[in-house]
>>> print(open('query-v1.txt').read())   # compact mmCIF, C-alpha atoms
# COMPACT_ATOMS: atom_id res chain seq x y z
CA MET S 1 177.89 149.48 112.53
CA ALA S 2 174.39 148.90 113.83
CA ALA S 3 172.56 145.61 113.30
CA SER S 4 169.00 145.57 111.99
CA SER S 5 165.83 143.83 113.12
CA ASN S 6 166.15 141.15 110.46
CA LEU S 7 168.78 139.48 112.66
CA LYS S 8 166.20 137.90 114.93
CA ASN S 9 165.47 135.06 112.52
CA SER S 10 168.97 134.69 111.09
CA VAL S 11 170.93 131.52 111.68
CA GLY S 12 174.44 132.07 112.98
CA ARG S 13 173.86 135.37 114.74
CA PRO S 14 173.00 136.15 118.36
CA VAL S 15 169.28 136.57 118.91
CA ASP S 16 169.95 139.51 121.24
CA HIS S 17 170.20 142.56 118.94
CA GLN S 18 172.15 144.56 121.50
CA LYS S 19 174.79 141.82 121.75
CA THR S 20 174.99 141.69 117.95
CA GLU S 21 175.61 145.43 117.76
CA MET S 22 178.20 145.19 120.52
CA MET S 23 179.95 142.37 118.65
CA PHE S 24 180.04 144.34 115.40
CA ASP S 25 181.27 147.45 117.22
CA ALA S 26 184.04 145.34 118.77
CA ILE S 27 185.10 144.18 115.29
CA ASP S 28 185.26 147.81 114.11
CA LEU S 29 187.34 148.80 117.13
CA ILE S 30 189.83 145.94 116.78
CA LEU S 31 190.22 146.51 113.05
CA ALA S 32 190.89 150.21 113.60
CA ASN S 33 193.54 149.55 116.24
CA GLU S 34 195.17 146.28 115.14
CA GLY S 35 194.01 145.40 111.64
CA ILE S 36 192.65 142.06 110.49
CA ALA S 37 195.49 140.13 112.16
CA GLY S 38 194.26 141.35 115.56
CA LEU S 39 190.83 139.76 115.20
CA SER S 40 190.06 136.73 117.31
CA ILE S 41 186.98 135.37 119.03
CA GLU S 42 188.68 136.00 122.37
CA LYS S 43 189.30 139.70 121.64
CA ILE S 44 185.84 140.23 120.14
CA ALA S 45 184.24 138.60 123.18
CA LYS S 46 186.30 140.71 125.58
CA ASN S 47 185.59 144.01 123.79
CA ALA S 48 181.89 143.23 123.32
CA GLY S 49 181.31 141.88 126.80
CA ILE S 50 179.98 138.61 125.38
CA SER S 51 181.10 135.16 126.46
CA LYS S 52 183.40 133.22 124.13
CA ALA S 53 181.06 130.23 124.51
CA THR S 54 178.19 132.23 123.00
CA LEU S 55 180.25 133.28 119.99
CA TYR S 56 181.63 129.79 119.40
CA ARG S 57 178.15 128.29 119.71
CA ARG S 58 176.59 130.77 117.29
CA PHE S 59 179.38 131.12 114.74
CA GLY S 60 181.91 128.35 115.23
CA SER S 61 184.95 130.41 114.22
CA ILE S 62 186.25 133.89 113.44
CA LYS S 63 185.41 133.24 109.79
CA GLY S 64 181.81 132.58 110.75
CA ILE S 65 181.63 135.85 112.68
CA LEU S 66 183.08 137.92 109.84
CA ALA S 67 180.87 136.20 107.25
CA ALA S 68 177.82 137.15 109.34
CA TYR S 69 179.18 140.69 109.74
CA VAL S 70 179.46 141.20 105.99
CA ASP S 71 176.27 139.31 105.14
CA THR S 72 174.19 141.36 107.58
CA PHE S 73 175.02 144.74 106.09
CA THR S 74 174.77 143.53 102.51
CA GLN S 75 171.30 142.20 103.26
CA ASN S 76 170.27 145.39 105.01
CA ALA S 77 170.91 147.37 101.82
CA PHE S 78 168.42 145.18 99.96
CA ASN S 79 165.89 145.25 102.77
CA LYS S 80 165.81 149.06 102.62
CA VAL S 81 164.40 148.90 99.09
CA HIS S 82 161.94 146.12 100.07
CA TYR S 83 163.76 143.97 97.54
CA PHE S 84 162.19 140.64 98.47
CA GLU S 85 158.64 142.01 98.57
CA ARG S 86 158.96 143.56 95.12
CA ILE S 87 160.93 140.76 93.46
CA ASN S 88 158.16 138.29 94.35
CA GLN S 89 155.39 140.36 92.79
CA THR S 90 153.82 138.76 89.74
CA THR S 91 152.72 142.06 88.22
CA PRO S 92 155.20 144.03 86.12
CA PHE S 93 157.08 146.77 87.96
CA GLU S 94 159.17 149.73 86.97
CA LEU S 95 162.66 148.30 86.79
CA GLU S 96 164.79 151.42 86.47
CA PRO S 97 163.60 153.21 89.65
CA LEU S 98 164.04 150.02 91.67
CA LEU S 99 167.56 149.52 90.31
CA ASN S 100 168.35 153.16 91.07
CA GLN S 101 167.19 152.79 94.66
CA MET S 102 169.12 149.55 95.00
CA GLY S 103 172.25 151.18 93.59
CA ILE S 104 171.99 154.14 95.96
CA GLU S 105 171.64 151.87 99.01
CA LEU S 106 174.53 149.62 97.96
CA MET S 107 176.86 152.49 97.14
CA THR S 108 175.94 154.24 100.38
CA LEU S 109 176.81 151.00 102.16
CA VAL S 110 180.19 150.43 100.48
CA SER S 111 181.07 154.10 101.03
CA ASN S 112 180.41 153.95 104.77
CA PRO S 113 183.73 154.84 106.47
CA LYS S 114 183.58 151.72 108.66
CA VAL S 115 182.92 149.50 105.66
CA VAL S 116 185.78 151.15 103.75
CA ALA S 117 188.10 150.62 106.73
CA PHE S 118 187.04 146.98 106.93
CA ASP S 119 187.60 146.46 103.20
CA ASN S 120 191.00 148.13 103.35
CA ALA S 121 192.01 145.96 106.31
CA ILE S 122 191.04 142.83 104.38
CA LEU S 123 192.94 143.98 101.27
CA ALA S 124 196.02 144.77 103.35
CA SER S 125 195.99 141.43 105.16
CA GLY S 126 198.13 139.61 102.59
CA PRO S 127 197.98 135.99 101.37
CA LYS S 128 197.57 134.62 104.89
CA PHE S 129 193.88 135.50 104.80
CA LYS S 130 193.19 134.45 101.20
CA ASP S 131 190.40 132.03 102.18
CA LEU S 132 188.82 134.65 104.41
CA LYS S 133 188.89 137.21 101.60
CA GLN S 134 187.04 134.78 99.33
CA LEU S 135 184.48 134.02 102.02
CA LEU S 136 183.80 137.71 102.65
CA TYR S 137 183.59 138.41 98.93
CA SER S 138 180.95 135.67 98.65
CA ASN S 139 178.90 137.21 101.47
CA GLY S 140 179.31 140.78 100.23
CA PRO S 141 179.84 141.89 96.61
CA HIS S 142 179.15 138.44 95.12
CA LYS S 143 175.87 138.12 97.01
CA ALA S 144 174.86 141.64 95.98
CA ALA S 145 175.64 140.90 92.33
CA ASN S 146 173.63 137.67 92.43
CA GLN S 147 170.59 139.40 93.91
CA ILE S 148 170.82 142.16 91.31
CA GLY S 149 171.02 139.40 88.71
CA GLU S 150 167.91 137.75 90.15
CA LEU S 151 166.03 141.03 89.81
CA LEU S 152 167.23 141.47 86.22
CA LYS S 153 166.12 137.93 85.40
CA HIS S 154 162.71 138.54 86.94
CA ALA S 155 162.37 141.73 84.90
CA GLY S 156 163.32 140.01 81.64
CA VAL S 157 166.65 141.77 81.12
CA THR S 158 168.87 139.64 78.88
CA SER S 159 172.24 139.78 77.19
CA SER S 160 173.75 137.77 74.35
CA ILE S 161 177.11 137.84 76.17
CA PHE S 162 176.48 137.62 79.93
CA ASP S 163 174.32 135.43 82.16
CA PHE S 164 172.15 137.05 84.84
CA ASN S 165 174.71 136.83 87.64
CA GLU S 166 177.37 138.31 85.38
CA LEU S 167 174.97 141.12 84.47
CA GLY S 168 174.40 141.79 88.16
CA ASP S 169 178.14 141.91 88.78
CA LEU S 170 178.62 144.21 85.79
CA LEU S 171 175.97 146.67 86.99
CA PHE S 172 177.41 146.63 90.52
CA HIS S 173 180.83 147.61 89.17
CA ILE S 174 179.35 150.23 86.83
CA TRP S 175 177.69 151.84 89.85
CA ARG S 176 181.02 151.86 91.72
CA SER S 177 182.99 153.33 88.84
CA GLY S 178 183.95 157.00 88.95
CA PHE S 179 183.94 157.63 92.70
CA TYR S 180 184.77 154.47 94.63
CA ASP S 181 188.55 154.70 94.18
CA GLN S 182 188.46 158.10 95.85
CA VAL S 183 186.35 156.66 98.66
CA LYS S 184 188.91 153.89 99.23
CA ILE S 185 191.73 156.43 99.50
CA THR S 186 190.00 159.14 101.54
CA GLY S 187 187.78 156.86 103.62
CA GLU S 188 184.66 158.91 102.94
CA MET S 189 182.26 159.74 100.15
CA LYS S 190 182.82 163.28 98.90
CA ILE S 191 179.72 163.60 96.69
CA GLU S 192 176.36 164.87 97.93
CA ASN S 193 173.20 162.78 97.94
CA LYS S 194 171.87 164.44 94.78
CA GLU S 195 175.14 163.80 92.98
CA LEU S 196 175.06 160.14 94.03
CA GLU S 197 171.47 159.80 92.83
CA GLN S 198 172.44 161.26 89.45
CA HIS S 199 175.55 159.07 89.30
CA ILE S 200 173.46 155.94 89.85
CA ALA S 201 170.67 157.02 87.50
CA ASP S 202 173.06 157.76 84.63
CA ARG S 203 174.86 154.45 84.98
CA THR S 204 171.68 152.43 85.36
CA ARG S 205 170.26 154.00 82.21
CA PHE S 206 173.50 153.32 80.33
CA PHE S 207 173.47 149.69 81.50
CA LEU S 208 169.84 149.11 80.50
CA SER S 209 170.45 150.72 77.10
CA LYS S 210 172.97 147.97 76.37
CA CYS S 211 170.67 145.11 77.37
CA LEU S 212 167.57 143.55 75.89
CA ILE S 213 164.39 143.80 77.95
CA GLU S 214 161.64 141.29 77.29
CA ASP S 215 158.00 142.34 77.57
CA LEU S 216 156.60 140.45 80.57
CA LYS S 217 153.15 141.95 80.45
>>> encode(input="query-v1.txt", output="structure tokens")
Amino acid sequence: MAASSNLKNSVGRPVDHQKTEMMFDAIDLILANEGIAGLSIEKIAKNAGISKATLYRRFGSIKGILAAYVDTFTQNAFNKVHYFERINQTTPFELEPLLNQMGIELMTLVSNPKVVAFDNAILASGPKFKDLKQLLYSNGPHKAANQIGELLKHAGVTSSIFDFNELGDLLFHIWRSGFYDQVKITGEMKIENKELEQHIADRTRFFLSKCLIEDLK
């Protein structure tokens, strides 16, 4: 996976973008060859050509490295739709197109073969890595659901049953339904871009039809 320019101001990640990309590539390589049990700061440092001291200073532990790995690519999906610029606008915006774009970016992310391989390695790691699984969930799907929920709250979307974070989680899983199981098994997304766009649009429209939307104008 490639790191993005937003890393330069992020706490817990190397300032050098090239080193960050090398570190993430090393994680991908080790996971592919040895699985989650093969990951260690020593092996990542050796494969990336980065000193162990640098990784320990920036991240503290293997959990810190993997949390940054997941967090980075989750955040990149939101940055591609200029999420933070648009969520902070005080004028009303068209919610459905923004949700559609967000859904496309997130589903493209979770369908990336390297992300699928990483997820499968985590799932196959057994109870030994239970705490790590929870940490990565918090920095990946849970964070995505919370940011979707923040957008829904800002747009005045409400439900008599769910709070905003639960609504965000629900929409995230609605987007994943119908094709993600196949992605997990095959390791790649079989549908074309137009099909994905339609998939997201249909599910976003269904979701919004079941919610109440307040008039913020």
>>> atom_distance(input="query-v1.txt", atom1="atom CA of Lys46 of chain S", atom2="atom CA of Phe118 of chain S")
19.7 Å
>>> closest_residue(input="query-v1.txt", among="S:Ile62, S:Leu151, S:Leu167, S:Ala117", to="Leu135 of chain S", atoms="only C-alpha atoms")
S:Ile62
>>> closest_residue(input="query-v1.txt", among="S:Phe179, S:Phe162, S:Phe73, S:Phe172", to="Cys211 of chain S", atoms="only C-alpha atoms")
S:Phe162
>>> closest_residue(input="query-v1.txt", among="S:Ala201, S:Leu29, S:Ala77, S:Ile185", to="Thr108 of chain S", atoms="only C-alpha atoms")
S:Ala77
>>> residues_around(input="query-v1.txt", residues="segment 140-143 of chain S", least_positions_apart="5", cutoff="8 Å", atoms="only C-alpha atoms", output="mmCIF file with C-alpha atoms, keeping the file's coordinate frame")
data_model
loop_
_atom_site.group_PDB
_atom_site.id
_atom_site.type_symbol
_atom_site.label_atom_id
_atom_site.label_comp_id
_atom_site.auth_asym_id
_atom_site.auth_seq_id
_atom_site.Cartn_x
_atom_site.Cartn_y
_atom_site.Cartn_z
ATOM 1 C CA VAL S 70 179.460 141.200 105.990
ATOM 2 C CA ASP S 71 176.270 139.310 105.140
ATOM 3 C CA THR S 74 174.770 143.530 102.510
ATOM 4 C CA ASP S 169 178.140 141.910 88.780
#
>>> closest_residue(input="query-v1.txt", among="S:Met102, S:Ala121, S:Met107, S:Leu136", to="Tyr69 of chain S", atoms="all atoms listed in the file")
S:Leu136
>>> closest_residue(input="query-v1.txt", among="S:Ile36, S:Glu42, S:Lys153, S:Leu66", to="Leu95 of chain S", atoms="only C-alpha atoms")
S:Lys153
>>> residues_around(input="query-v1.txt", residues="Gly103 of chain S", least_positions_apart="5", cutoff="10 Å", atoms="only C-alpha atoms", output="MDAnalysis selection string")
chainID S and resid 77:78 81 97:98 108:109 148 171:172 174:176 196:197 199:201 203:204
>>> write_last_selection(input="query-v1.txt", atoms="C-alpha atoms", output="PDB file, keeping the file's coordinate frame")
ATOM      1  CA  ALA S  77     170.910 147.370 101.820  1.00  0.00           C
ATOM      2  CA  PHE S  78     168.420 145.180  99.960  1.00  0.00           C
ATOM      3  CA  VAL S  81     164.400 148.900  99.090  1.00  0.00           C
ATOM      4  CA  PRO S  97     163.600 153.210  89.650  1.00  0.00           C
ATOM      5  CA  LEU S  98     164.040 150.020  91.670  1.00  0.00           C
ATOM      6  CA  THR S 108     175.940 154.240 100.380  1.00  0.00           C
ATOM      7  CA  LEU S 109     176.810 151.000 102.160  1.00  0.00           C
ATOM      8  CA  ILE S 148     170.820 142.160  91.310  1.00  0.00           C
ATOM      9  CA  LEU S 171     175.970 146.670  86.990  1.00  0.00           C
ATOM     10  CA  PHE S 172     177.410 146.630  90.520  1.00  0.00           C
ATOM     11  CA  ILE S 174     179.350 150.230  86.830  1.00  0.00           C
ATOM     12  CA  TRP S 175     177.690 151.840  89.850  1.00  0.00           C
ATOM     13  CA  ARG S 176     181.020 151.860  91.720  1.00  0.00           C
ATOM     14  CA  LEU S 196     175.060 160.140  94.030  1.00  0.00           C
ATOM     15  CA  GLU S 197     171.470 159.800  92.830  1.00  0.00           C
ATOM     16  CA  HIS S 199     175.550 159.070  89.300  1.00  0.00           C
ATOM     17  CA  ILE S 200     173.460 155.940  89.850  1.00  0.00           C
ATOM     18  CA  ALA S 201     170.670 157.020  87.500  1.00  0.00           C
ATOM     19  CA  ARG S 203     174.860 154.450  84.980  1.00  0.00           C
ATOM     20  CA  THR S 204     171.680 152.430  85.360  1.00  0.00           C
TER      21      THR S 204
END
>>> atom_distance(input="query-v1.txt", atom1="atom CA of Ser40 of chain S", atom2="atom CA of Gly60 of chain S")
11.9 Å
>>> closest_residue(input="query-v1.txt", among="S:Leu132, S:Leu99, S:Ala45, S:Ala144", to="Thr72 of chain S", atoms="only C-alpha atoms")
S:Ala144
>>> residues_around(input="query-v1.txt", residues="Lys184 of chain S", least_positions_apart="4", cutoff="10 Å", atoms="only C-alpha atoms", output="count of residues only")
12
>>> atom_distance(input="query-v1.txt", atom1="atom CA of Thr186 of chain S", atom2="atom CA of Ala67 of chain S")
25.3 Å
>>> residues_around(input="query-v1.txt", residues="Ala48 of chain S", least_positions_apart="5", cutoff="6 Å", atoms="only C-alpha atoms", output="PyMOL selection string")
chain S and resi 22-23+26
>>> residues_around(input="query-v1.txt", residues="Leu152 of chain S", least_positions_apart="6", cutoff="8 Å", atoms="only C-alpha atoms", output="list in words")
Thr158, Phe164, Leu167 and Gly168 of chain S
